[in-house]
Amino acid sequence: MTWRRQVVEAGADLVFPLLCGGCGRPGVRWCPRCDATLSDAPISVSPRVSPGVPVWALGRYRGPYRRAVIEIKEHGRRDLIPPLGEALAHGIRILAGWRELPDADELLLVPAPTRRLTARRRGGDPVTALAAHAARRLGRRVLVAPLLVTVATARDSAGLDARSRSRNLRGAVRLRAGAEPIRGASAILVDDVMTTGATAAESVRVLSNAGIGVAAVVVVAAA
């Protein structure tokens with residue numbers, strides 16, 4: 001590294017200090033302690049609105065899980081996609097080892113739906129990016145299938161209780177225009193945070209109606 005580059009990077013650290021996306025530790029993007037936390041085995045989750053399939057989370061929505069999700073979604077920390085994508089792949093491997101997932105010729109990772117405007121504001125859908133990173137680590141039999149979208153007429157679910165979320169999302173989750181679902185395929189619905197389970201339940205219903213069997217829902221964190 002040349003001295004000019006060192007000066008530029010030192011100046012950048014003063015303006016935009018490099019902090020761990022999981023705990024705020026200075027001087028590192030993702031520290032070993034947070035990496036070790038995300039290597040834990042997935043936990044079973046029972047949301048208030050059941051999607052009718054098993055739900056698993058990499059961890060609870062606190063500590064490194066919470067901070068990393070917020071940093072990615074609200075502050076554009078795309079550099080955190082790799083560590084969370086690796087954790088997602090690790091969790092799916094464990095579930096497969098527990099025989100919680102089907103031994104299918106192809107397994108689809110279907111990102112939970114998001115509004116187009118929200119994804120555009122964030123520079124792309126972070127859940128799709130996480131799923132894509134995990135799929136690359138899991139081999140050729142695992143594919144990312146961004147099949148779902150949320151229509152613009154749906155309200156923002158923030159602040160709504162479980163019943164209101166379910167009513168708000170009924171009919172608002174749809175197959176993406178031009179998407180060609182693979183009938184008979186096995187899928188995992190992937191999301192960042194599980195709150196009431198309303199989005200997962202509606203997503204599973206839409207996929208099932210399209211002939212896609214959802215084996216499980218896997219999220220980064222459960223609130």
# chains A, B, ... in the order shown; residues from 1 in each chain; ligands from 1

call {"tool": "select_by_dssp", "arguments": {"residues": "region 58-91 of chain A", "states": "alpha helix (DSSP H)", "output": "PDB file with C-alpha atoms, in the first residue's frame"}}
result
ATOM      1  CA  GLY A  63     -27.175  -7.726  19.636  1.00  0.00           C
ATOM      2  CA  PRO A  64     -25.266  -8.294  16.383  1.00  0.00           C
ATOM      3  CA  TYR A  65     -28.353  -9.662  14.598  1.00  0.00           C
ATOM      4  CA  ARG A  66     -30.385  -6.520  15.188  1.00  0.00           C
ATOM      5  CA  ARG A  67     -27.601  -4.041  14.551  1.00  0.00           C
ATOM      6  CA  ALA A  68     -26.451  -5.756  11.342  1.00  0.00           C
ATOM      7  CA  VAL A  69     -29.976  -5.867   9.900  1.00  0.00           C
ATOM      8  CA  ILE A  70     -30.528  -2.184  10.676  1.00  0.00           C
ATOM      9  CA  GLU A  71     -27.129  -1.224   9.243  1.00  0.00           C
ATOM     10  CA  ILE A  72     -27.906  -3.025   5.979  1.00  0.00           C
ATOM     11  CA  LYS A  73     -31.481  -1.808   5.587  1.00  0.00           C
ATOM     12  CA  GLU A  74     -31.292   1.727   6.902  1.00  0.00           C
ATOM     13  CA  HIS A  75     -27.655   2.746   6.421  1.00  0.00           C
ATOM     14  CA  ILE A  81     -24.166  -8.857   3.112  1.00  0.00           C
ATOM     15  CA  PRO A  82     -21.266 -11.398   3.002  1.00  0.00           C
ATOM     16  CA  PRO A  83     -21.125 -12.192   6.755  1.00  0.00           C
ATOM     17  CA  LEU A  84     -24.902 -12.440   7.067  1.00  0.00           C
ATOM     18  CA  GLY A  85     -25.096 -14.416   3.816  1.00  0.00           C
ATOM     19  CA  GLU A  86     -22.483 -16.817   5.163  1.00  0.00           C
ATOM     20  CA  ALA A  87     -24.472 -17.175   8.387  1.00  0.00           C
ATOM     21  CA  LEU A  88     -27.619 -17.902   6.388  1.00  0.00           C
ATOM     22  CA  ALA A  89     -25.830 -20.594   4.379  1.00  0.00           C
ATOM     23  CA  HIS A  90     -24.444 -22.069   7.609  1.00  0.00           C
ATOM     24  CA  GLY A  91     -27.900 -22.186   9.164  1.00  0.00           C
TER      25      GLY A  91
END

call {"tool": "closest_atom_pairs", "arguments": {"of": "region 11-78 of chain A", "to": "region 188-198 of chain A", "cutoff": "6 Å", "atoms": "only C-alpha atoms", "output": "Markdown table"}}
result
| residue | atom | partner | partner_atom | distance |
| --- | --- | --- | --- | --- |
| A:Pro47 | CA | A:Gly197 | CA | 5.2 |
| A:Arg48 | CA | A:Thr196 | CA | 5.3 |
| A:Val49 | CA | A:Gly197 | CA | 4.8 |

call {"tool": "residues_around", "arguments": {"residues": "region 171-174 of chain A", "least_positions_apart": "2", "cutoff": "7 Å", "atoms": "only C-alpha atoms", "output": "PyMOL selection string"}}
result
chain A and resi 113+148-151+154+169+176+202-203+206

call {"tool": "select_by_dssp", "arguments": {"residues": "region 6-204 of chain A", "states": "strand (DSSP E)", "output": "number ranges by chain"}}
result
A: 43-45, 55-60, 107-111, 142-144, 148-150, 173-175, 186-194

call {"tool": "write_last_selection", "arguments": {"atoms": "N, CA, C and O atoms", "output": "tab-separated table (two decimals), in the first residue's frame"}}
result
chain	number	residue	atom	x	y	z
A	43	ILE	N	-32.62	-21.42	15.67
A	43	ILE	CA	-33.60	-21.66	16.73
A	43	ILE	C	-34.99	-21.75	16.12
A	43	ILE	O	-35.30	-21.07	15.14
A	44	SER	N	-35.85	-22.59	16.69
A	44	SER	CA	-37.22	-22.72	16.23
A	44	SER	C	-38.04	-21.53	16.73
A	44	SER	O	-37.88	-21.09	17.87
A	45	VAL	N	-38.92	-21.02	15.86
A	45	VAL	CA	-39.73	-19.85	16.18
A	45	VAL	C	-41.20	-20.18	15.98
A	45	VAL	O	-41.56	-20.88	15.03
A	55	VAL	N	-40.67	-22.59	11.14
A	55	VAL	CA	-39.98	-21.29	11.05
A	55	VAL	C	-38.72	-21.35	11.90
A	55	VAL	O	-38.75	-21.76	13.06
A	56	TRP	N	-37.61	-20.94	11.29
A	56	TRP	CA	-36.32	-20.96	11.96
A	56	TRP	C	-35.67	-19.59	11.86
A	56	TRP	O	-35.81	-18.89	10.86
A	57	ALA	N	-34.94	-19.22	12.91
A	57	ALA	CA	-34.20	-17.96	12.92
A	57	ALA	C	-32.75	-18.24	13.27
A	57	ALA	O	-32.46	-19.13	14.07
A	58	LEU	N	-31.85	-17.47	12.68
A	58	LEU	CA	-30.43	-17.60	13.03
A	58	LEU	C	-30.20	-17.13	14.46
A	58	LEU	O	-29.25	-17.58	15.11
A	59	GLY	N	-31.05	-16.24	14.95
A	59	GLY	CA	-30.91	-15.76	16.33
A	59	GLY	C	-32.05	-14.82	16.67
A	59	GLY	O	-32.95	-14.58	15.87
A	60	ARG	N	-32.02	-14.29	17.88
A	60	ARG	CA	-33.02	-13.32	18.32
A	60	ARG	C	-32.67	-11.93	17.80
A	60	ARG	O	-31.50	-11.62	17.55
A	107	LEU	N	-33.41	-26.74	-4.74
A	107	LEU	CA	-34.01	-26.06	-3.60
A	107	LEU	C	-34.01	-24.56	-3.89
A	107	LEU	O	-32.95	-23.99	-4.18
A	108	LEU	N	-35.17	-23.95	-3.85
A	108	LEU	CA	-35.29	-22.53	-4.14
A	108	LEU	C	-35.22	-21.70	-2.86
A	108	LEU	O	-35.88	-22.03	-1.87
A	109	LEU	N	-34.41	-20.67	-2.88
A	109	LEU	CA	-34.43	-19.67	-1.81
A	109	LEU	C	-35.28	-18.51	-2.32
A	109	LEU	O	-34.88	-17.80	-3.24
A	110	VAL	N	-36.46	-18.35	-1.76
A	110	VAL	CA	-37.39	-17.31	-2.21
A	110	VAL	C	-37.36	-16.15	-1.23
A	110	VAL	O	-37.79	-16.30	-0.08
A	111	PRO	N	-36.82	-14.99	-1.64
A	111	PRO	CA	-36.82	-13.84	-0.73
A	111	PRO	C	-38.24	-13.38	-0.42
A	111	PRO	O	-39.12	-13.40	-1.29
A	142	VAL	N	-28.96	-25.24	-5.23
A	142	VAL	CA	-29.70	-24.19	-4.53
A	142	VAL	C	-29.75	-22.95	-5.41
A	142	VAL	O	-28.72	-22.44	-5.83
A	143	LEU	N	-30.95	-22.48	-5.68
A	143	LEU	CA	-31.16	-21.34	-6.58
A	143	LEU	C	-31.93	-20.25	-5.86
A	143	LEU	O	-32.78	-20.52	-5.01
A	144	VAL	N	-31.65	-19.02	-6.23
A	144	VAL	CA	-32.42	-17.89	-5.72
A	144	VAL	C	-33.57	-17.62	-6.68
A	144	VAL	O	-33.37	-17.52	-7.89
A	148	LEU	N	-41.68	-13.10	-5.49
A	148	LEU	CA	-42.75	-12.39	-4.81
A	148	LEU	C	-42.53	-10.89	-4.76
A	148	LEU	O	-41.40	-10.42	-4.65
A	149	VAL	N	-43.63	-10.16	-4.82
A	149	VAL	CA	-43.60	-8.71	-4.63
A	149	VAL	C	-44.79	-8.31	-3.76
A	149	VAL	O	-45.77	-9.05	-3.66
A	150	THR	N	-44.69	-7.15	-3.14
A	150	THR	CA	-45.81	-6.57	-2.41
A	150	THR	C	-46.37	-5.42	-3.23
A	150	THR	O	-45.62	-4.54	-3.66
A	173	VAL	N	-49.60	-9.66	-1.48
A	173	VAL	CA	-48.40	-10.39	-1.90
A	173	VAL	C	-48.76	-11.16	-3.17
A	173	VAL	O	-49.72	-11.93	-3.18
A	174	ARG	N	-47.99	-10.94	-4.22
A	174	ARG	CA	-48.29	-11.57	-5.50
A	174	ARG	C	-47.01	-12.08	-6.16
A	174	ARG	O	-45.91	-11.68	-5.79
A	175	LEU	N	-47.21	-12.95	-7.14
A	175	LEU	CA	-46.07	-13.38	-7.94
A	175	LEU	C	-45.58	-12.22	-8.78
A	175	LEU	O	-46.38	-11.44	-9.32
A	186	SER	N	-39.26	-27.48	-4.33
A	186	SER	CA	-39.21	-27.23	-2.89
A	186	SER	C	-38.54	-25.89	-2.65
A	186	SER	O	-37.61	-25.53	-3.36
A	187	ALA	N	-39.02	-25.17	-1.66
A	187	ALA	CA	-38.52	-23.82	-1.44
A	187	ALA	C	-38.35	-23.52	0.03
A	187	ALA	O	-38.99	-24.13	0.90
A	188	ILE	N	-37.47	-22.57	0.29
A	188	ILE	CA	-37.32	-21.96	1.61
A	188	ILE	C	-37.64	-20.48	1.44
A	188	ILE	O	-37.07	-19.81	0.57
A	189	LEU	N	-38.56	-19.98	2.23
A	189	LEU	CA	-38.83	-18.54	2.24
A	189	LEU	C	-37.80	-17.89	3.16
A	189	LEU	O	-37.63	-18.30	4.31
A	190	VAL	N	-37.10	-16.88	2.65
A	190	VAL	CA	-36.03	-16.22	3.38
A	190	VAL	C	-36.44	-14.78	3.69
A	190	VAL	O	-36.97	-14.08	2.83
A	191	ASP	N	-36.18	-14.33	4.92
A	191	ASP	CA	-36.46	-12.94	5.29
A	191	ASP	C	-35.41	-12.47	6.29
A	191	ASP	O	-34.62	-13.28	6.81
A	192	ASP	N	-35.41	-11.17	6.55
A	192	ASP	CA	-34.44	-10.64	7.51
A	192	ASP	C	-34.96	-10.74	8.94
A	192	ASP	O	-34.27	-11.25	9.83
A	193	VAL	N	-36.19	-10.29	9.18
A	193	VAL	CA	-36.73	-10.28	10.55
A	193	VAL	C	-38.12	-10.90	10.56
A	193	VAL	O	-38.96	-10.58	9.71
A	194	MET	N	-38.38	-11.76	11.52
A	194	MET	CA	-39.71	-12.32	11.75
A	194	MET	C	-40.36	-11.55	12.90
A	194	MET	O	-39.81	-11.51	14.01

call {"tool": "atom_distance", "arguments": {"atom1": "CA of Cys20 (chain A)", "atom2": "CA of Leu80 (chain A)"}}
result
9.2 Å

call {"tool": "closest_residue", "arguments": {"among": "A:Asp79, A:Val218, A:Asp40, A:Glu180", "to": "Leu19 (chain A)", "atoms": "only C-alpha atoms"}}
result
A:Asp79

call {"tool": "atom_distance", "arguments": {"atom1": "CA of Val217 (chain A)", "atom2": "CA of Ala104 (chain A)"}}
result
16.3 Å

call {"tool": "atom_distance", "arguments": {"atom1": "CA of Arg33 (chain A)", "atom2": "CA of Tyr61 (chain A)"}}
result
16.8 Å
